[in-house]
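Please read the structure below before turning to the comments.
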Amino acid sequence: MLNKLKTLTLLEAVELIQQIEEIFGVQTELPMSLNTTSVDTSNAQVETIQTEFNVILESVPGEEEKKKRLNIFRLIRELTSMGLKEAKDFTSNLPQTLKESISHEQALEIKTQFEEMGAKINII
């Protein structure tokens, strides 16, 4: 019997849990504070909470705002290993991914810094 349980698909496992709940009158859901994923039984898909985010540089101020652009280039250099010329070239073909797989807090901090300088940032 245990070997059969080991070979169940996700859909079969969900159906088994539903049958156990109905037959024995038990509830198998975890309290929300413990539940980090949820199962959509209609499509048998698992939804997870996003923990890693990418920061996309969408636009920077135009050539007429040289001081803002220079500060953006400096910030790009600070966040990456690019040189000044590379940072300038990076902004000439937007949108571009600036940072990948970082926490939401870090992404928001970066977004705030860039937006204060007039750049547009998207977090995905």
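Note on naming: chains are A, B, ... as they come in the structure tokens, residues start from 1 per chain, ligands start from 1 in the order shown.
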Excluding Pro95 in chain A and residues on its chain fewer than 2 positions from it, collect all residues at most 10 Å away from it, counting only C-alpha atoms, and give them as number ranges by chain.
A: 56-60, 90-93, 97-98, 120-122
Can I get the selection written as an mmCIF file, in the first residue's frame, with N, CA, C and O atoms?
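Result file selection.cif:
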```
data_model
loop_
_atom_site.group_PDB
_atom_site.id
_atom_site.type_symbol
_atom_site.label_atom_id
_atom_site.label_comp_id
_atom_site.auth_asym_id
_atom_site.auth_seq_id
_atom_site.Cartn_x
_atom_site.Cartn_y
_atom_site.Cartn_z
ATOM 1 N N ILE A 56 14.151 45.834 -13.664
ATOM 2 C CA ILE A 56 14.296 46.203 -15.069
ATOM 3 C C ILE A 56 14.375 47.726 -15.170
ATOM 4 O O ILE A 56 13.485 48.432 -14.694
ATOM 5 N N LEU A 57 15.440 48.216 -15.797
ATOM 6 C CA LEU A 57 15.573 49.653 -16.058
ATOM 7 C C LEU A 57 14.833 49.936 -17.351
ATOM 8 O O LEU A 57 15.209 49.453 -18.416
ATOM 9 N N GLU A 58 13.742 50.696 -17.260
ATOM 10 C CA GLU A 58 12.871 50.962 -18.407
ATOM 11 C C GLU A 58 13.297 52.212 -19.179
ATOM 12 O O GLU A 58 13.299 52.215 -20.397
ATOM 13 N N SER A 59 13.615 53.284 -18.451
ATOM 14 C CA SER A 59 13.997 54.527 -19.123
ATOM 15 C C SER A 59 14.822 55.401 -18.179
ATOM 16 O O SER A 59 14.762 55.241 -16.965
ATOM 17 N N VAL A 60 15.590 56.291 -18.781
ATOM 18 C CA VAL A 60 16.400 57.261 -18.035
ATOM 19 C C VAL A 60 16.127 58.643 -18.620
ATOM 20 O O VAL A 60 15.639 58.760 -19.746
ATOM 21 N N PHE A 90 24.745 50.657 -21.603
ATOM 22 C CA PHE A 90 23.653 49.872 -21.030
ATOM 23 C C PHE A 90 22.336 50.639 -21.132
ATOM 24 O O PHE A 90 21.296 50.074 -21.437
ATOM 25 N N THR A 91 22.395 51.947 -20.905
ATOM 26 C CA THR A 91 21.177 52.760 -20.926
ATOM 27 C C THR A 91 20.739 53.155 -22.323
ATOM 28 O O THR A 91 19.662 53.716 -22.493
ATOM 29 N N SER A 92 21.546 52.890 -23.327
ATOM 30 C CA SER A 92 21.170 53.287 -24.681
ATOM 31 C C SER A 92 20.254 52.273 -25.356
ATOM 32 O O SER A 92 19.721 52.559 -26.427
ATOM 33 N N ASN A 93 20.067 51.109 -24.761
ATOM 34 C CA ASN A 93 19.215 50.076 -25.355
ATOM 35 C C ASN A 93 18.262 49.527 -24.295
ATOM 36 O O ASN A 93 18.390 48.393 -23.855
ATOM 37 N N THR A 97 17.625 44.375 -18.005
ATOM 38 C CA THR A 97 17.603 43.828 -16.644
ATOM 39 C C THR A 97 18.824 44.334 -15.901
ATOM 40 O O THR A 97 19.956 44.102 -16.317
ATOM 41 N N LEU A 98 18.570 45.020 -14.795
ATOM 42 C CA LEU A 98 19.639 45.606 -14.002
ATOM 43 C C LEU A 98 20.139 44.633 -12.930
ATOM 44 O O LEU A 98 21.333 44.454 -12.745
ATOM 45 N N LYS A 120 12.920 55.281 -14.788
ATOM 46 C CA LYS A 120 11.733 54.450 -14.593
ATOM 47 C C LYS A 120 12.193 53.010 -14.425
ATOM 48 O O LYS A 120 12.949 52.499 -15.241
ATOM 49 N N ILE A 121 11.718 52.365 -13.340
ATOM 50 C CA ILE A 121 12.106 50.999 -12.996
ATOM 51 C C ILE A 121 10.860 50.130 -12.923
ATOM 52 O O ILE A 121 9.820 50.564 -12.452
ATOM 53 N N ASN A 122 11.004 48.888 -13.362
ATOM 54 C CA ASN A 122 9.941 47.903 -13.253
ATOM 55 C C ASN A 122 10.482 46.707 -12.479
ATOM 56 O O ASN A 122 11.592 46.246 -12.728
#
```
Among the residues of range 27-120 of chain A, find those DSSP assigns to strand (DSSP E or B) from the backbone and print them as a list in words.
Thr37, Ser38, Val39, Asp40, Gln45, Val46, Glu47, Thr48, Phe53, Asn54, Val55, Ile56, Leu57, Glu58, Ser59, Gln96, Thr97, Leu98, Lys99, Glu100, Ser101, Ile102 and Lys120 of chain A
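Remark: for Glu115 in chain A, the closest of the candidate residues A:Leu16, A:Leu2, A:Ile49, A:Ile72 is A:Ile72 (distances computed over only C-alpha atoms).
Between CA of Asn3 in chain A and CA of Thr28 in chain A there is a distance of 21.9 Å.
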Nearest-residue call for Arg77 in chain A, choices A:Gln19, A:Lys99, A:Leu94, A:Ala13, using only C-alpha atoms
A:Lys99
